Amino acid sequence: MIDTDEEQRKCLVAAIEQVVPLSDEVRQAFLSVSRRIFVPTYYRREGSVLDWTLVDTADAAYTDQALVTKIDPISKLPSSSSSQPSLMAMKLEALDLRPGQRVLEIGTGTGYNAALIASLVGASDRVISIDIDDDLVEKAT
């Protein structure tokens, strides 16, 4: 187990860079924003497709994998997740965000991506993130 959140973020960046080259700006965003704050728990599949256990994220927050963050109570299938960080990095690189820009994000999820975007554009008040799921929005704020 790695000791500090900062060290874990460095390991995550190293894992992302195995998949996608990062600009200095996107690298710094991943180094400065804690994924664990936005994904303190996740659902891990146990046994069958419909058996899920809510677990503390711990080191899993800093792996390059998507983490299921919400299960639909009726279907028992995932209805929200924190995307795989390398995929998020690819999208952020493609956006080529710059300080001072304003961004509208559709699909708040955990809020982690919005925090990364805010790091890139220079302020959280330049990022508006919306979602149709009220409880996701409340957890993300």
# chains A, B, ... in the order shown; residues from 1 in each chain; ligands from 1

$ select_by_dssp --residues "region 8-92 of chain A" --states "alpha helix (DSSP H)" --output "PyMOL selection string"
chain A and resi 8-17+24-32+35-38+85-92

$ write_last_selection --atoms "N, CA and C atoms" --output "short mmCIF file (atom, residue, chain, number, x, y, z; two decimals), in the first residue's frame"
data_model
loop_
_atom_site.label_atom_id
_atom_site.label_comp_id
_atom_site.auth_asym_id
_atom_site.auth_seq_id
_atom_site.Cartn_x
_atom_site.Cartn_y
_atom_site.Cartn_z
N GLN A 8 0.05 8.21 -4.48
CA GLN A 8 -0.89 7.41 -5.26
C GLN A 8 -1.25 8.12 -6.57
N ARG A 9 -1.41 9.44 -6.51
CA ARG A 9 -1.69 10.19 -7.73
C ARG A 9 -0.52 10.10 -8.71
N LYS A 10 0.69 10.12 -8.21
CA LYS A 10 1.86 9.96 -9.08
C LYS A 10 1.86 8.59 -9.75
N CYS A 11 1.49 7.56 -9.00
CA CYS A 11 1.43 6.21 -9.58
C CYS A 11 0.32 6.12 -10.63
N LEU A 12 -0.80 6.80 -10.37
CA LEU A 12 -1.89 6.81 -11.35
C LEU A 12 -1.43 7.49 -12.64
N VAL A 13 -0.74 8.60 -12.52
CA VAL A 13 -0.24 9.30 -13.70
C VAL A 13 0.71 8.39 -14.48
N ALA A 14 1.57 7.68 -13.78
CA ALA A 14 2.49 6.76 -14.46
C ALA A 14 1.70 5.67 -15.20
N ALA A 15 0.63 5.17 -14.60
CA ALA A 15 -0.19 4.15 -15.25
C ALA A 15 -0.90 4.73 -16.48
N ILE A 16 -1.41 5.95 -16.36
CA ILE A 16 -2.08 6.59 -17.49
C ILE A 16 -1.10 6.78 -18.64
N GLU A 17 0.12 7.19 -18.31
CA GLU A 17 1.12 7.46 -19.35
C GLU A 17 1.60 6.19 -20.05
N ASP A 24 1.81 18.55 -20.19
CA ASP A 24 2.14 19.00 -18.83
C ASP A 24 0.89 19.43 -18.08
N GLU A 25 -0.04 20.08 -18.79
CA GLU A 25 -1.24 20.59 -18.14
C GLU A 25 -2.14 19.46 -17.64
N VAL A 26 -2.37 18.46 -18.46
CA VAL A 26 -3.24 17.34 -18.06
C VAL A 26 -2.55 16.51 -16.98
N ARG A 27 -1.26 16.31 -17.11
CA ARG A 27 -0.50 15.60 -16.07
C ARG A 27 -0.67 16.32 -14.72
N GLN A 28 -0.52 17.64 -14.74
CA GLN A 28 -0.64 18.41 -13.49
C GLN A 28 -2.06 18.32 -12.92
N ALA A 29 -3.07 18.30 -13.77
CA ALA A 29 -4.45 18.16 -13.29
C ALA A 29 -4.61 16.84 -12.54
N PHE A 30 -4.13 15.74 -13.12
CA PHE A 30 -4.24 14.44 -12.45
C PHE A 30 -3.40 14.40 -11.18
N LEU A 31 -2.28 15.10 -11.16
CA LEU A 31 -1.45 15.13 -9.96
C LEU A 31 -2.07 15.97 -8.85
N SER A 32 -2.89 16.94 -9.23
CA SER A 32 -3.42 17.87 -8.21
C SER A 32 -4.82 17.52 -7.71
N ARG A 35 -8.66 11.62 -6.78
CA ARG A 35 -9.81 10.82 -7.24
C ARG A 35 -10.56 10.24 -6.04
N ARG A 36 -9.84 9.91 -4.99
CA ARG A 36 -10.47 9.25 -3.84
C ARG A 36 -11.52 10.15 -3.18
N ILE A 37 -11.33 11.44 -3.20
CA ILE A 37 -12.33 12.35 -2.63
C ILE A 37 -13.66 12.19 -3.37
N PHE A 38 -13.59 11.99 -4.67
CA PHE A 38 -14.80 11.88 -5.48
C PHE A 38 -15.33 10.45 -5.57
N PRO A 85 -9.42 6.34 -15.80
CA PRO A 85 -8.63 7.57 -15.90
C PRO A 85 -7.90 7.77 -17.22
N SER A 86 -7.37 6.71 -17.84
CA SER A 86 -6.68 6.91 -19.12
C SER A 86 -7.65 7.36 -20.20
N LEU A 87 -8.89 6.89 -20.15
CA LEU A 87 -9.91 7.35 -21.10
C LEU A 87 -10.24 8.81 -20.84
N MET A 88 -10.36 9.18 -19.57
CA MET A 88 -10.60 10.58 -19.22
C MET A 88 -9.45 11.46 -19.74
N ALA A 89 -8.22 10.97 -19.57
CA ALA A 89 -7.05 11.73 -20.03
C ALA A 89 -7.08 11.93 -21.54
N MET A 90 -7.46 10.89 -22.28
CA MET A 90 -7.55 11.02 -23.74
C MET A 90 -8.54 12.12 -24.12
N LYS A 91 -9.67 12.13 -23.45
CA LYS A 91 -10.70 13.14 -23.75
C LYS A 91 -10.22 14.53 -23.37
N LEU A 92 -9.57 14.66 -22.21
CA LEU A 92 -9.06 15.97 -21.79
C LEU A 92 -7.98 16.47 -22.76
#

$ residues_around --residues "Thr41 (chain A)" --least-positions-apart "3" --cutoff "7 Å" --atoms "only C-alpha atoms" --output "list in words"
Leu54, Val55, Asp56 and Thr57 of chain A

$ write_last_selection --atoms "N, CA and C atoms" --output "PDB file, in the first residue's frame"
ATOM      1  N   LEU A  54     -20.636  -3.016  -1.770  1.00  0.00           N
ATOM      2  CA  LEU A  54     -20.079  -1.667  -1.644  1.00  0.00           C
ATOM      3  C   LEU A  54     -18.819  -1.760  -0.789  1.00  0.00           C
ATOM      4  N   VAL A  55     -17.700  -1.299  -1.333  1.00  0.00           N
ATOM      5  CA  VAL A  55     -16.425  -1.382  -0.618  1.00  0.00           C
ATOM      6  C   VAL A  55     -15.735  -0.024  -0.600  1.00  0.00           C
ATOM      7  N   ASP A  56     -14.867   0.154   0.389  1.00  0.00           N
ATOM      8  CA  ASP A  56     -14.044   1.345   0.469  1.00  0.00           C
ATOM      9  C   ASP A  56     -13.089   1.349  -0.720  1.00  0.00           C
ATOM     10  N   THR A  57     -12.939   2.480  -1.348  1.00  0.00           N
ATOM     11  CA  THR A  57     -12.131   2.560  -2.545  1.00  0.00           C
ATOM     12  C   THR A  57     -10.655   2.286  -2.270  1.00  0.00           C
TER      13      THR A  57
END

$ closest_residue --among "A:Val121, A:Leu95, A:Ile128, A:Leu77" --to "Asp51 (chain A)" --atoms "only C-alpha atoms"
A:Leu77

$ closest_residue --among "A:Thr69, A:Thr63, A:Ser129, A:Ser79" --to "Leu104 (chain A)" --atoms "only C-alpha atoms"
A:Ser129

$ closest_residue --among "A:Val33, A:Leu22, A:Arg126, A:Leu50" --to "Pro73 (chain A)" --atoms "only C-alpha atoms"
A:Leu50

$ residues_around --residues "Lys76 (chain A)" --least-positions-apart "5" --cutoff "12 Å" --atoms "only C-alpha atoms" --output "MDAnalysis selection string"
chainID A and resid 43 45 48:53 68 70:71

$ residues_around --residues "region 123-125 of chain A" --least-positions-apart "5" --cutoff "10 Å" --atoms "only C-alpha atoms" --output "compact mmCIF listing (two decimals) with N, CA, C and O atoms, in the first residue's frame"
# COMPACT_ATOMS: atom_id res chain seq x y z
N PRO A 99 -6.61 27.92 -19.68
CA PRO A 99 -7.09 28.80 -18.61
C PRO A 99 -8.01 29.88 -19.16
O PRO A 99 -7.77 30.44 -20.23
N GLY A 100 -9.07 30.12 -18.43
CA GLY A 100 -10.03 31.16 -18.81
C GLY A 100 -11.22 30.66 -19.61
O GLY A 100 -12.22 31.36 -19.72
N GLN A 101 -11.13 29.46 -20.18
CA GLN A 101 -12.27 28.93 -20.93
C GLN A 101 -13.39 28.54 -19.98
O GLN A 101 -13.16 28.25 -18.81
N ARG A 102 -14.60 28.53 -20.51
CA ARG A 102 -15.77 28.06 -19.77
C ARG A 102 -16.20 26.74 -20.38
O ARG A 102 -16.17 26.57 -21.60
N VAL A 103 -16.62 25.80 -19.51
CA VAL A 103 -16.94 24.45 -19.97
C VAL A 103 -18.28 24.01 -19.40
O VAL A 103 -18.55 24.19 -18.21
N ALA A 114 -15.12 16.90 -13.66
CA ALA A 114 -15.34 18.34 -13.55
C ALA A 114 -14.22 19.01 -12.76
O ALA A 114 -13.78 20.11 -13.10
N ALA A 115 -13.73 18.33 -11.73
CA ALA A 115 -12.61 18.88 -10.95
C ALA A 115 -11.34 18.93 -11.79
O ALA A 115 -10.56 19.89 -11.70
N LEU A 116 -11.10 17.89 -12.61
CA LEU A 116 -9.94 17.91 -13.50
C LEU A 116 -10.07 19.06 -14.50
O LEU A 116 -9.09 19.78 -14.76
N ILE A 117 -11.27 19.25 -15.05
CA ILE A 117 -11.51 20.35 -16.00
C ILE A 117 -11.25 21.69 -15.32
O ILE A 117 -10.60 22.57 -15.89
N ALA A 118 -11.76 21.85 -14.09
CA ALA A 118 -11.56 23.10 -13.36
C ALA A 118 -10.07 23.38 -13.15
O ALA A 118 -9.62 24.52 -13.24

$ select_by_dssp --residues "region 22-139 of chain A" --states "strand (DSSP E or B)" --output "ChimeraX atom specification"
/A:41-45,52-56,67-71,78-82,103-106,127-130

$ closest_residue --among "A:Ile106, A:Pro21, A:Gln65, A:Glu7" --to "Ala94 (chain A)" --atoms "only C-alpha atoms"
A:Pro21

$ atom_distance --atom1 "CA of Ile74 (chain A)" --atom2 "CA of Ile132 (chain A)"
17.6 Å

$ closest_residue --among "A:Glu93, A:Thr110, A:Leu120, A:Gln18" --to "Leu67 (chain A)" --atoms "only C-alpha atoms"
A:Thr110

$ closest_residue --among "A:Ser83, A:Asp59, A:Asp96, A:Asp5" --to "Asn113 (chain A)" --atoms "only C-alpha atoms"
A:Ser83
